[in-house]
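> Handing you a structure now.
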Amino acid sequence: MTVQVEIDEALAREYEAGFISDIESETFEPGLDESVITRISKMKNEPEWMLEWRLGAFREWLKMEEPDWALVDYPKVDFQAISYYSAPKSMKDKPKSLDEVDPELLRTYEKLGIPLIEQQMLAGIAVDAVFDSVSVVTTFREKLQEAGVIFCPISEAIVEYPELVKKYLGSVVGRKDNYYSALNCAVFTDGSFVYIPKGTRCPMELSTYFRINEQNTGQFERTLIIADEGSHVSYLEGCTAPQRDENQLHAAVVELIAMDNAEIKYSTVQNWYPGDENGKGGIYNFVTKRGICHTKAKISWTQVETGSAVTWKYPSCILKGDDSVGEFYSVALTRGRQQADTGTKMIHLGKNTKSTIITKGISAGRSNNSYRGLVKMAPTADGARNFTECDSLLIGDKCGAHTFPYIESRNPSAIVEHEATTSKVSDEQMFLCRQRGLDPEKAVSMIVNGFCKEVFKELPMEFAVEASKLLEISLEGSVG
Amino acid sequence: MSDNKSLLTIKDVYASIEEKQIIKGFDLDIKPGEVHAIMGPNGAGKSTMGYVLSGREGYEVDSGTITFDGKDLLEMEIEERAAAGLFLAFQYPVEIPGVSNLEFLKASVDAIREANGEEPITSSELLKQAKEACKQVNLPLAFLKRGVNEGFSGGEKKRNELMQMLLLKPRLCILDETDSGLDIDALQMVAEGVNSQRSPDRSFIVVTHYQRLLDYIKPDFVHVLADGKIVKSGDASLALELESQGYAWLETHKDEEIEG
């Protein structure tokens, strides 16, 4: 058997999170206009200002064009064919604790390897679980409250902490920022809200799991994390969806605010359904993630992207304050017919700001994997530095890897470094591994894991293990 | 000439790479504990035979049989052959960036144990064995944490191969020109490593172009390979004869294969 055949077989592997949960839902009929937005706002008992904000975004969105500059190819999304709200029926009277949550929902999360009850017991991670359009449950809230940390569904924050939300929502990713973010502003349904008070180190990892279950629904979550002066938080995000023949839309917006001397570490393991071998079905993942760093603050994005049919995602940092630091570590694996166009933007405004970009793109099957990144040095960014390393690994000979680095430097004292490599999983490497007893799947997964090591070491421990396992699963069948 | 005690029996094997026949009627019988040296000019098919035995893709066996420990070797996948105890020390070991030597050793040892129905090795036991092996092949312990062959010198790579051999404890070791590119000290060290592993139930095929390795690893048999088949077999003295007279005195050669 040739290496290519082995790899193709390994890639033909099934998606483990592809099951559908049988949960009675209350779902809006497909379609989008101002009345739908008004209904969403009503469902969430939002104040008037929030509805106005949404409608303003919607009106902007109507004037905008869907962007086409990314190296991805997909049929036009029919925004009128999507349902913009779906919630498990049992959520109508929101459960106060885990005991009141629909057991079927809990089972869904357990199947996904996120046993909420256990998480709550095994002190360590506080979880917010978002199912379709609503947050199902947030664990550990009392304990976090003792530390002054707010971790709750954003729909609740809008009602409970309107001043914070009003001040920061849309402050990093404005309503007119881009096509998908404008849409998100108009129709977002839930997501997580985090506030870490001054000088506080969040006592545990915070985590949100997103699950799209209902057919023909879009998930538009909104996450807002505010780390006040001198505080520190590590936040994890995981995503899965059932296996369906239709494409589903996921257009999220994440905003991070790191005040002076604060630090936010944001890690994502994205495993949305990627579609089948021939590109049927799968999630369109059009996400806007951006953070702002004030003086001496630091934001670190780490992402492991293995799912979605199409990924369009550029977690970015605005390094506004002097001496602030931005980091982006990324592993993006594409297989089958997946397409990923992902990277980052580092906008250096302050003096002596630093950014590091390390990306590992792995392409297999007939997939296309692109890195697109912008490093911008403003005239004010004296002594700013950037280091970028983009490595691509090809498995087989029908896939593509592309690198689009954009560098704009308007300050002569700024230093920008860019390195890029492309390599292949070679016959020699496969042969060595197999001669030492490893089957082809283990061999590929070991080689790929080695390739990604620099990024995995940035992930929190439990996530690193999960990410490495996910890669292994995603690569299974990529060899035979 | 083979009997049921043989570890490896190769009978009249013809093999090709990309339709070009390289091995043309190869016979060899190896019993447990024996050390066989295969010598011959460049292009005679020495390395090819190692790849054929280990099952490398692209090396097609056109006819003939190979029996390993009573089983049809040609029916086995590469990793099944490894699990059965066949080990190839590479002439040019490849790098696997980011995968530490220790990780690689653990994965290999466990894969082979699993295939043989054994429990995985504990990390502490593996570490203990790996440290001993490091010492034996004179590699600093820091090499265990480095990527497999990543940035290693030629000699370090060869010693790393040997370290893998020490941990995997194979039944048949094929050393493919392990002496190439080694200075005399490194050569001695590699030879010592090999000699320490000689035992009544472990056999070796030492593929080499030069006689000098055989000063340190004393073979039981020496075979001369030319144009894809063994043209002469003898004891260790045959190697000395080759050394003094060169391959030119072999009659079956073609002119362009004469070297050294």
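Just so we're on the same page: first chain in the structure tokens is A, next is B, and so on; residues restart at 1 for each chain, and ligands are numbered from 1 in the order they show up.
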Which neighbours of B:Ile205 fall inside 9 Å, counting only C-alpha atoms, when residues of the same chain fewer than 4 positions from it are skipped, and could you give them as a PyMOL selection string?

chain B and resi 30+34-38+50+172-176

> Residues of chain B within 6 Å of chain A, using only C-alpha atoms, as a short mmCIF file (atom, residue, chain, number, x, y, z; two decimals) with N, CA and C atoms, in the first residue's frame?


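result12.cif written:
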```cif
data_model
loop_
_atom_site.label_atom_id
_atom_site.label_comp_id
_atom_site.auth_asym_id
_atom_site.auth_seq_id
_atom_site.Cartn_x
_atom_site.Cartn_y
_atom_site.Cartn_z
N ILE B 78 4.78 -3.84 7.53
CA ILE B 78 6.06 -3.37 8.07
C ILE B 78 6.08 -3.49 9.59
N GLU B 79 4.99 -2.99 10.24
CA GLU B 79 4.99 -2.95 11.70
C GLU B 79 4.81 -4.35 12.30
N ALA B 82 8.20 -5.72 12.44
CA ALA B 82 8.91 -5.12 13.57
C ALA B 82 8.48 -5.82 14.86
N ALA B 83 7.17 -6.05 14.98
CA ALA B 83 6.66 -6.68 16.20
C ALA B 83 7.18 -8.11 16.34
N PRO B 97 11.02 15.98 13.73
CA PRO B 97 11.09 17.17 14.58
C PRO B 97 9.95 17.21 15.60
N GLY B 98 10.29 17.63 16.81
CA GLY B 98 9.27 17.83 17.85
C GLY B 98 8.88 16.58 18.60
N VAL B 99 9.23 15.40 18.09
CA VAL B 99 8.92 14.16 18.81
C VAL B 99 10.19 13.77 19.57
N SER B 108 7.35 3.14 20.50
CA SER B 108 7.83 1.94 19.81
C SER B 108 7.74 0.72 20.70
N ALA B 111 4.14 -0.22 21.24
CA ALA B 111 3.49 -0.77 20.05
C ALA B 111 3.90 -2.23 19.88
N ILE B 112 5.17 -2.50 20.09
CA ILE B 112 5.65 -3.87 19.91
C ILE B 112 5.13 -4.77 21.03
#
```

> Can you list every residue in stretch 425-474 of chain A that DSSP puts in helix (DSSP H, G or I), as an NGL selection string?

:A and (427-435 or 440-456 or 461-474)

> For the selection just defined, write its residues with N, CA and C atoms to a file, as a short mmCIF file (atom, residue, chain, number, x, y, z; two decimals), in the first residue's frame.


```cif
data_model
loop_
_atom_site.label_atom_id
_atom_site.label_comp_id
_atom_site.auth_asym_id
_atom_site.auth_seq_id
_atom_site.Cartn_x
_atom_site.Cartn_y
_atom_site.Cartn_z
N ASP A 427 7.96 9.77 3.27
CA ASP A 427 7.98 8.30 3.24
C ASP A 427 8.99 7.77 4.25
N GLU A 428 10.13 8.46 4.33
CA GLU A 428 11.19 8.00 5.23
C GLU A 428 10.72 8.03 6.68
N GLN A 429 10.03 9.12 7.05
CA GLN A 429 9.55 9.22 8.43
C GLN A 429 8.53 8.12 8.73
N MET A 430 7.64 7.92 7.78
CA MET A 430 6.62 6.88 7.97
C MET A 430 7.28 5.51 8.10
N PHE A 431 8.27 5.28 7.24
CA PHE A 431 8.93 3.98 7.25
C PHE A 431 9.68 3.76 8.55
N LEU A 432 10.38 4.80 9.02
CA LEU A 432 11.09 4.67 10.29
C LEU A 432 10.11 4.31 11.42
N CYS A 433 9.02 5.05 11.50
CA CYS A 433 8.05 4.80 12.58
C CYS A 433 7.48 3.38 12.50
N ARG A 434 7.13 2.98 11.29
CA ARG A 434 6.53 1.65 11.14
C ARG A 434 7.55 0.56 11.40
N GLN A 435 8.79 0.80 10.99
CA GLN A 435 9.82 -0.20 11.23
C GLN A 435 10.05 -0.36 12.73
N PRO A 440 0.45 2.80 10.85
CA PRO A 440 0.51 4.06 10.10
C PRO A 440 -0.24 5.21 10.78
N GLU A 441 -1.37 4.90 11.42
CA GLU A 441 -2.13 5.97 12.07
C GLU A 441 -1.35 6.58 13.22
N LYS A 442 -0.79 5.70 14.04
CA LYS A 442 0.00 6.21 15.16
C LYS A 442 1.20 6.99 14.65
N ALA A 443 1.77 6.50 13.56
CA ALA A 443 2.96 7.16 13.00
C ALA A 443 2.61 8.58 12.57
N VAL A 444 1.54 8.73 11.80
CA VAL A 444 1.17 10.07 11.33
C VAL A 444 0.84 10.97 12.51
N SER A 445 0.09 10.42 13.46
CA SER A 445 -0.31 11.27 14.56
C SER A 445 0.89 11.69 15.40
N MET A 446 1.87 10.81 15.51
CA MET A 446 3.07 11.18 16.26
C MET A 446 3.86 12.27 15.52
N ILE A 447 3.98 12.11 14.22
CA ILE A 447 4.73 13.10 13.44
C ILE A 447 4.03 14.46 13.50
N VAL A 448 2.70 14.43 13.38
CA VAL A 448 1.95 15.69 13.40
C VAL A 448 1.99 16.32 14.79
N ASN A 449 1.87 15.50 15.82
CA ASN A 449 1.97 16.03 17.17
C ASN A 449 3.32 16.70 17.42
N GLY A 450 4.36 16.09 16.89
CA GLY A 450 5.69 16.68 17.03
C GLY A 450 5.76 18.03 16.35
N PHE A 451 5.15 18.09 15.19
CA PHE A 451 5.12 19.33 14.41
C PHE A 451 4.41 20.45 15.19
N CYS A 452 3.40 20.07 15.97
CA CYS A 452 2.58 21.06 16.69
C CYS A 452 3.07 21.37 18.09
N LYS A 453 4.13 20.73 18.49
CA LYS A 453 4.54 20.82 19.90
C LYS A 453 4.65 22.25 20.43
N GLU A 454 5.24 23.12 19.63
CA GLU A 454 5.43 24.50 20.08
C GLU A 454 4.12 25.16 20.49
N VAL A 455 3.04 24.79 19.81
CA VAL A 455 1.75 25.40 20.13
C VAL A 455 1.09 24.67 21.29
N PHE A 456 1.14 23.36 21.29
CA PHE A 456 0.49 22.58 22.35
C PHE A 456 1.01 22.95 23.73
N MET A 461 -2.80 22.38 30.58
CA MET A 461 -2.54 20.95 30.60
C MET A 461 -3.67 20.09 30.05
N GLU A 462 -4.86 20.17 30.66
CA GLU A 462 -5.94 19.26 30.27
C GLU A 462 -6.35 19.48 28.82
N PHE A 463 -6.22 20.72 28.36
CA PHE A 463 -6.57 21.02 26.98
C PHE A 463 -5.52 20.49 26.02
N ALA A 464 -4.28 20.51 26.45
CA ALA A 464 -3.19 20.02 25.60
C ALA A 464 -3.40 18.54 25.31
N VAL A 465 -3.81 17.81 26.34
CA VAL A 465 -4.06 16.38 26.18
C VAL A 465 -5.23 16.18 25.21
N GLU A 466 -6.28 16.97 25.44
CA GLU A 466 -7.46 16.87 24.58
C GLU A 466 -7.12 17.21 23.13
N ALA A 467 -6.32 18.25 22.95
CA ALA A 467 -5.97 18.69 21.60
C ALA A 467 -5.17 17.62 20.88
N SER A 468 -4.25 17.03 21.63
CA SER A 468 -3.40 16.01 21.04
C SER A 468 -4.24 14.79 20.65
N LYS A 469 -5.21 14.46 21.52
CA LYS A 469 -6.11 13.35 21.23
C LYS A 469 -6.99 13.65 20.02
N LEU A 470 -7.44 14.88 19.96
CA LEU A 470 -8.31 15.31 18.87
C LEU A 470 -7.57 15.21 17.54
N LEU A 471 -6.32 15.62 17.54
CA LEU A 471 -5.51 15.51 16.33
C LEU A 471 -5.41 14.05 15.91
N GLU A 472 -5.18 13.21 16.92
CA GLU A 472 -5.04 11.79 16.65
C GLU A 472 -6.31 11.25 16.00
N ILE A 473 -7.46 11.64 16.59
CA ILE A 473 -8.74 11.19 16.06
C ILE A 473 -8.96 11.74 14.66
N SER A 474 -8.65 13.02 14.49
CA SER A 474 -8.87 13.64 13.19
C SER A 474 -8.00 13.01 12.12
#
```

> I want to know what sits within 12 Å of B:Gly25, based on only C-alpha atoms, with residues of the same chain fewer than 2 positions away left out; could you give that as number ranges by chain?

B: 10-16, 21-23, 27-28, 45, 49, 61-65, 225-231

> Given the selection you just returned, output its residues as a file containing N, CA and C atoms, formatted as a PDB file, in the first residue's frame.


```pdb
ATOM      1  N   ILE B  10      15.755 -17.172   3.335  1.00  0.00           N
ATOM      2  CA  ILE B  10      15.439 -16.465   2.093  1.00  0.00           C
ATOM      3  C   ILE B  10      15.737 -17.417   0.954  1.00  0.00           C
ATOM      4  N   LYS B  11      14.722 -17.642   0.101  1.00  0.00           N
ATOM      5  CA  LYS B  11      14.907 -18.622  -0.975  1.00  0.00           C
ATOM      6  C   LYS B  11      14.638 -18.000  -2.337  1.00  0.00           C
ATOM      7  N   ASP B  12      15.674 -17.921  -3.134  1.00  0.00           N
ATOM      8  CA  ASP B  12      15.579 -17.536  -4.542  1.00  0.00           C
ATOM      9  C   ASP B  12      14.719 -16.286  -4.757  1.00  0.00           C
ATOM     10  N   VAL B  13      15.062 -15.244  -4.000  1.00  0.00           N
ATOM     11  CA  VAL B  13      14.250 -14.032  -4.070  1.00  0.00           C
ATOM     12  C   VAL B  13      14.717 -13.115  -5.196  1.00  0.00           C
ATOM     13  N   TYR B  14      13.736 -12.692  -5.981  1.00  0.00           N
ATOM     14  CA  TYR B  14      13.952 -11.656  -6.993  1.00  0.00           C
ATOM     15  C   TYR B  14      13.127 -10.449  -6.555  1.00  0.00           C
ATOM     16  N   ALA B  15      13.746  -9.257  -6.570  1.00  0.00           N
ATOM     17  CA  ALA B  15      13.009  -8.073  -6.138  1.00  0.00           C
ATOM     18  C   ALA B  15      13.364  -6.875  -6.999  1.00  0.00           C
ATOM     19  N   SER B  16      12.364  -5.959  -7.130  1.00  0.00           N
ATOM     20  CA  SER B  16      12.543  -4.808  -8.019  1.00  0.00           C
ATOM     21  C   SER B  16      12.161  -3.506  -7.321  1.00  0.00           C
ATOM     22  N   GLN B  21      14.777  -4.690 -11.799  1.00  0.00           N
ATOM     23  CA  GLN B  21      15.142  -5.787 -10.913  1.00  0.00           C
ATOM     24  C   GLN B  21      16.537  -5.565 -10.323  1.00  0.00           C
ATOM     25  N   ILE B  22      16.597  -5.571  -8.995  1.00  0.00           N
ATOM     26  CA  ILE B  22      17.875  -5.315  -8.304  1.00  0.00           C
ATOM     27  C   ILE B  22      18.373  -6.611  -7.661  1.00  0.00           C
ATOM     28  N   ILE B  23      17.437  -7.353  -7.080  1.00  0.00           N
ATOM     29  CA  ILE B  23      17.794  -8.602  -6.414  1.00  0.00           C
ATOM     30  C   ILE B  23      17.444  -9.756  -7.361  1.00  0.00           C
ATOM     31  N   ASP B  27      19.669 -16.105  -1.889  1.00  0.00           N
ATOM     32  CA  ASP B  27      19.438 -17.189  -0.927  1.00  0.00           C
ATOM     33  C   ASP B  27      20.227 -16.899   0.332  1.00  0.00           C
ATOM     34  N   LEU B  28      19.599 -17.112   1.475  1.00  0.00           N
ATOM     35  CA  LEU B  28      20.333 -16.946   2.737  1.00  0.00           C
ATOM     36  C   LEU B  28      19.568 -17.664   3.841  1.00  0.00           C
ATOM     37  N   GLY B  45      23.092  -4.213  -4.350  1.00  0.00           N
ATOM     38  CA  GLY B  45      21.779  -4.530  -3.793  1.00  0.00           C
ATOM     39  C   GLY B  45      21.805  -4.782  -2.298  1.00  0.00           C
ATOM     40  N   MET B  49      18.306  -5.233  -0.023  1.00  0.00           N
ATOM     41  CA  MET B  49      17.905  -6.458   0.669  1.00  0.00           C
ATOM     42  C   MET B  49      17.351  -6.138   2.065  1.00  0.00           C
ATOM     43  N   VAL B  61       8.729  -7.702  -4.226  1.00  0.00           N
ATOM     44  CA  VAL B  61       9.314  -9.028  -4.390  1.00  0.00           C
ATOM     45  C   VAL B  61       8.603  -9.701  -5.573  1.00  0.00           C
ATOM     46  N   ASP B  62       9.369 -10.045  -6.603  1.00  0.00           N
ATOM     47  CA  ASP B  62       8.776 -10.623  -7.815  1.00  0.00           C
ATOM     48  C   ASP B  62       8.567 -12.123  -7.662  1.00  0.00           C
ATOM     49  N   SER B  63       9.524 -12.777  -7.018  1.00  0.00           N
ATOM     50  CA  SER B  63       9.358 -14.212  -6.768  1.00  0.00           C
ATOM     51  C   SER B  63      10.289 -14.646  -5.651  1.00  0.00           C
ATOM     52  N   GLY B  64      10.086 -15.870  -5.194  1.00  0.00           N
ATOM     53  CA  GLY B  64      10.892 -16.378  -4.089  1.00  0.00           C
ATOM     54  C   GLY B  64      10.119 -16.315  -2.777  1.00  0.00           C
ATOM     55  N   THR B  65      10.708 -16.873  -1.715  1.00  0.00           N
ATOM     56  CA  THR B  65      10.030 -16.876  -0.419  1.00  0.00           C
ATOM     57  C   THR B  65      10.980 -16.395   0.673  1.00  0.00           C
ATOM     58  N   LEU B 225      27.996 -10.071  -2.101  1.00  0.00           N
ATOM     59  CA  LEU B 225      26.839  -9.836  -2.961  1.00  0.00           C
ATOM     60  C   LEU B 225      27.301  -9.078  -4.195  1.00  0.00           C
ATOM     61  N   ALA B 226      26.931  -9.560  -5.352  1.00  0.00           N
ATOM     62  CA  ALA B 226      27.231  -8.833  -6.587  1.00  0.00           C
ATOM     63  C   ALA B 226      26.073  -9.024  -7.541  1.00  0.00           C
ATOM     64  N   ASP B 227      25.668  -7.920  -8.124  1.00  0.00           N
ATOM     65  CA  ASP B 227      24.573  -7.927  -9.088  1.00  0.00           C
ATOM     66  C   ASP B 227      23.351  -8.695  -8.575  1.00  0.00           C
ATOM     67  N   GLY B 228      23.000  -8.442  -7.338  1.00  0.00           N
ATOM     68  CA  GLY B 228      21.726  -8.940  -6.831  1.00  0.00           C
ATOM     69  C   GLY B 228      21.730 -10.354  -6.303  1.00  0.00           C
ATOM     70  N   LYS B 229      22.876 -11.005  -6.255  1.00  0.00           N
ATOM     71  CA  LYS B 229      22.879 -12.334  -5.653  1.00  0.00           C
ATOM     72  C   LYS B 229      24.189 -12.607  -4.922  1.00  0.00           C
ATOM     73  N   ILE B 230      24.137 -13.570  -4.017  1.00  0.00           N
ATOM     74  CA  ILE B 230      25.345 -13.917  -3.283  1.00  0.00           C
ATOM     75  C   ILE B 230      26.232 -14.763  -4.205  1.00  0.00           C
ATOM     76  N   VAL B 231      27.442 -14.271  -4.418  1.00  0.00           N
ATOM     77  CA  VAL B 231      28.328 -14.969  -5.348  1.00  0.00           C
ATOM     78  C   VAL B 231      29.393 -15.772  -4.615  1.00  0.00           C
TER      79      VAL B 231
END
```

> Would you pick out the contacts of A:Lys198 at 10 Å or less, using only C-alpha atoms, so that residues sharing its chain but fewer than 6 positions from it are not included, and give the list as a list in words?

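So, after excluding close chain neighbours, the residues are Gly148, Val149, Ala227, Asp228, Glu229, Gly230, Ser231, His232, Met259, Asp260, Asn261 and Ala262 of chain A.
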
> Could you write out that same residue set with C-alpha atoms as a compact mmCIF listing (two decimals), in the first residue's frame?


```txt
# COMPACT_ATOMS: atom_id res chain seq x y z
CA GLY A 148 -15.44 38.85 42.89
CA VAL A 149 -15.27 37.16 39.50
CA ALA A 227 -9.80 41.74 32.90
CA ASP A 228 -9.50 44.79 35.11
CA GLU A 229 -6.12 46.26 36.13
CA GLY A 230 -3.55 43.75 37.26
CA SER A 231 -5.89 40.77 36.99
CA HIS A 232 -5.33 37.42 35.36
CA MET A 259 -6.68 46.74 31.32
CA ASP A 260 -3.28 47.92 32.57
CA ASN A 261 -1.05 45.04 33.72
CA ALA A 262 -3.81 42.49 33.16
```
